[in-house]
Amino acid sequence: MQIARWARPHCTALVGVLLNCLTPVSQAATAPSDLGTLSLEELANIQVISVSKKAEPLADAAASVFVITADDIRRSGVSRLPDALRLAPNLHVAQASANGYAISARGLNGSNTSAPNKMLVLIDGRSVYTPLFSGVFWDVQDVMLEDVERIEVISGPAGTLWGVNAVNGVINIITRPAKDTQGTLAAAGKGNREENASLRHGGKIGADGNYRIYLNYADRKNTSLENGNPVNDASHKTQAGFRTDWASARNQLTVEGNVYQGAQEQPAPGSIVIPGPNLALGDIRVSGFNLLSHWTHRLDGGASVNVQAYYDRTKRAIPPFFAETLDIADVQFQHALKPLGAHAIVWGANYRYSMDRVTNSDFFAFLPANLNQRWASLFAQDEITLRDDLKLTLGARMERNDYTGTEFLPSARLAWKTTPTSLAWAAASRTVRAPSRLDRDAYVPGRPPFLLDGGSNVVSEVAKVFEIGYRGQPTSRLSYSLTLFHNRYDDLRTQELAPSQTFVFFGNQMEGKASGMEIWGTWQASRQWRLSGGLTMLRERLRLKPGSIDVAAVNATGLDPGYRAMLRASVDLSSTSELDMIVRHVDALSSPTVPEYTTVDLRYGWKVRPDLEFSVTAQNLLGGGHAEYGDATTRSEFDRSLFVKLVSRF
């Protein structure tokens, strides 16, 4: 019993430390644009693909989906991808350090032994979640922001089309075709928190092809704790890549790839006590490359075939804990049939194979150290036109993984076009978060006797989700979206005490509910002035099943704010200058305690010449600094910052 009392908090502490390491958690983009040139009607007709895996107007998408446009990103003044995601009011983006982010929707944004693991993230169709912990290494997910066409953010389940782990949403980052990035672009920015530089060049390949190549470099400085002491979390990273596109009347082929390498200092554990000898923390080293090919063939009568394949290698060394090399090969096939009367059917299959190689340590181990895994799935979806203004979409996915076998992911959506500019919809879905290596194969210390003895019986976490929503545009100057949701969770992961009381292990002894509301809207006050805002509210009620002792798991709801609000104002001061303001308020977190905070960001942009743009962005102008996530002994405080940027095209 004495060993168990000591083991449980220390195992939790070590896993928490490791998770801090694991998750260091169009022409519109080329120049200042007149806000009046893109009306709200045109914004509503932006084509999105994440809701039904086919292009459809945003106004007709029966889901809680928000689109971050290229112009939104440019005018916000952000310099990295996770900060661009703050523009989506249906996402909770919390920064814990210079490189660490927790990002999710509708709650469950991590716990003391689990990084956020219920949000699927795609970059041009390539999934970037890691099977190590079913989450995302945000410190290495990088794109040249000037190349992003849009980011589609779905809050809510999308497992039928995208598979397991798309429990609370999907973030789909879509870059611009190579034909839209011709010529040369150079960008450089410097501020008191970071500096970066980018270079891109695009051209043609014969009569039907286009290409671009790019190079990015980013250097981030150390942040500080609440008491003013520095956090050793400075980093630098270099990334290069290319994209090529070929198009003809019936075929479109894309081939793209990226390679990166970087390092970041490793923060000390703070007040957390680690069992064993003193730690000699070294720099975290990251590197990797990926190659993706996507082919679309259009058939007669509106049918089409899509084939996508990618290979992704990532390396991460976290001394003295462990090092990992992960290789993933993925092939996807999709066939949209020719419409059959009232039915529009799409079906497809996916196969993924991974090879995970881990170098363990005396502190921590994944056992077995080397593991090959396979995932195979088959899905089908039928969009049935009941009336001209009423559609029912039924779908299901069967997905097999090596841990829990075959999972069944069904969904049903009903969409009613109440007027030509409004849509009411309702949905019911079942989705799961399949176990990861962290759930099944984690051991503390790295050799027996173990204090944390894996989780060999961990099963999938299940969510049954019910949603109703309304999206409308009552006037040409006003549009809004409202969604109500209710989630029922079962088999959520917990940490349990063995009958011998000598070690702990992972189980599935928690269930509960989450309910909430998401609302956002845009008002075009004048041709030069646009206002937009959003509000999300969340109530979570989790409880342990009989026999469980993991009170800390229930307290994980304290990592989710009860509400978040955002207001954005964009003003075109003249034909060559613009001003943007973003106000965000985030409710307090309770476990661990993080006070509520309000931030104000300002950006001024000046088009010096048609080929040269200057901007200055000031962030966190309200107050003397704030924390966003994590324990007070290790989390960073974010104070006022200034960032100046130049973008030149030639």
# chains A, B, ... in the order shown; residues from 1 in each chain; ligands from 1

call {"tool": "residues_around", "arguments": {"residues": "Arg539 in chain A", "least_positions_apart": "5", "cutoff": "9 Å", "atoms": "only C-alpha atoms", "output": "VMD selection string"}}
result
chain A and resid 107 513 to 516 557 561 to 563

call {"tool": "residues_around", "arguments": {"residues": "Thr421 in chain A", "least_positions_apart": "4", "cutoff": "12 Å", "atoms": "only C-alpha atoms", "output": "MDAnalysis selection string"}}
result
chainID A and resid 40:42 44:45 57:60 389 416:417 470:476 478:481

call {"tool": "residues_around", "arguments": {"residues": "Thr314 in chain A", "least_positions_apart": "3", "cutoff": "12 Å", "atoms": "only C-alpha atoms", "output": "PyMOL selection string"}}
result
chain A and resi 128-132+137+140-141+258-262+285-290+311+317+323-329+354-358

call {"tool": "closest_residue", "arguments": {"among": "A:Arg603, A:Lys118, A:Arg568, A:Arg126", "to": "Gly169 in chain A", "atoms": "only C-alpha atoms"}}
result
A:Lys118

call {"tool": "closest_residue", "arguments": {"among": "A:Ala63, A:Leu87, A:Leu542, A:Leu291", "to": "Ala158 in chain A", "atoms": "only C-alpha atoms"}}
result
A:Ala63

call {"tool": "atom_distance", "arguments": {"atom1": "CA of Asn210 in chain A", "atom2": "CA of Ala186 in chain A"}}
result
19.1 Å

call {"tool": "select_by_dssp", "arguments": {"residues": "range 140-206 of chain A", "states": "strand (DSSP E)", "output": "ChimeraX atom specification"}}
result
/A:148-155,169-175,183-191,194-205

call {"tool": "closest_residue", "arguments": {"among": "A:Ser532, A:Thr431, A:Thr634, A:Gln524", "to": "Asn232 in chain A", "atoms": "only C-alpha atoms"}}
result
A:Thr634

call {"tool": "residues_around", "arguments": {"residues": "Val571 in chain A", "least_positions_apart": "4", "cutoff": "8 Å", "atoms": "only C-alpha atoms", "output": "list in words"}}
result
Gln528, Trp529, Arg530, Glu578, Leu579 and Asp580 of chain A

call {"tool": "write_last_selection", "arguments": {"atoms": "N, CA and C atoms", "output": "JSON list (two decimals), in the first residue's frame"}}
result
[["chain", "number", "residue", "atom", "x", "y", "z"],
["A", 528, "GLN", "N", -16.21, 49.18, -46.26],
["A", 528, "GLN", "CA", -14.86, 49.18, -45.70],
["A", 528, "GLN", "C", -14.77, 48.60, -44.28],
["A", 529, "TRP", "N", -15.87, 48.19, -43.69],
["A", 529, "TRP", "CA", -15.86, 47.82, -42.29],
["A", 529, "TRP", "C", -16.67, 46.54, -42.09],
["A", 530, "ARG", "N", -16.00, 45.53, -41.53],
["A", 530, "ARG", "CA", -16.65, 44.25, -41.26],
["A", 530, "ARG", "C", -16.41, 43.85, -39.81],
["A", 578, "GLU", "N", -4.84, 49.11, -43.98],
["A", 578, "GLU", "CA", -5.91, 48.40, -43.32],
["A", 578, "GLU", "C", -5.59, 48.23, -41.85],
["A", 579, "LEU", "N", -6.63, 48.09, -41.03],
["A", 579, "LEU", "CA", -6.48, 47.93, -39.59],
["A", 579, "LEU", "C", -7.39, 46.80, -39.14],
["A", 580, "ASP", "N", -6.84, 45.90, -38.30],
["A", 580, "ASP", "CA", -7.62, 44.78, -37.78],
["A", 580, "ASP", "C", -7.43, 44.69, -36.27]]
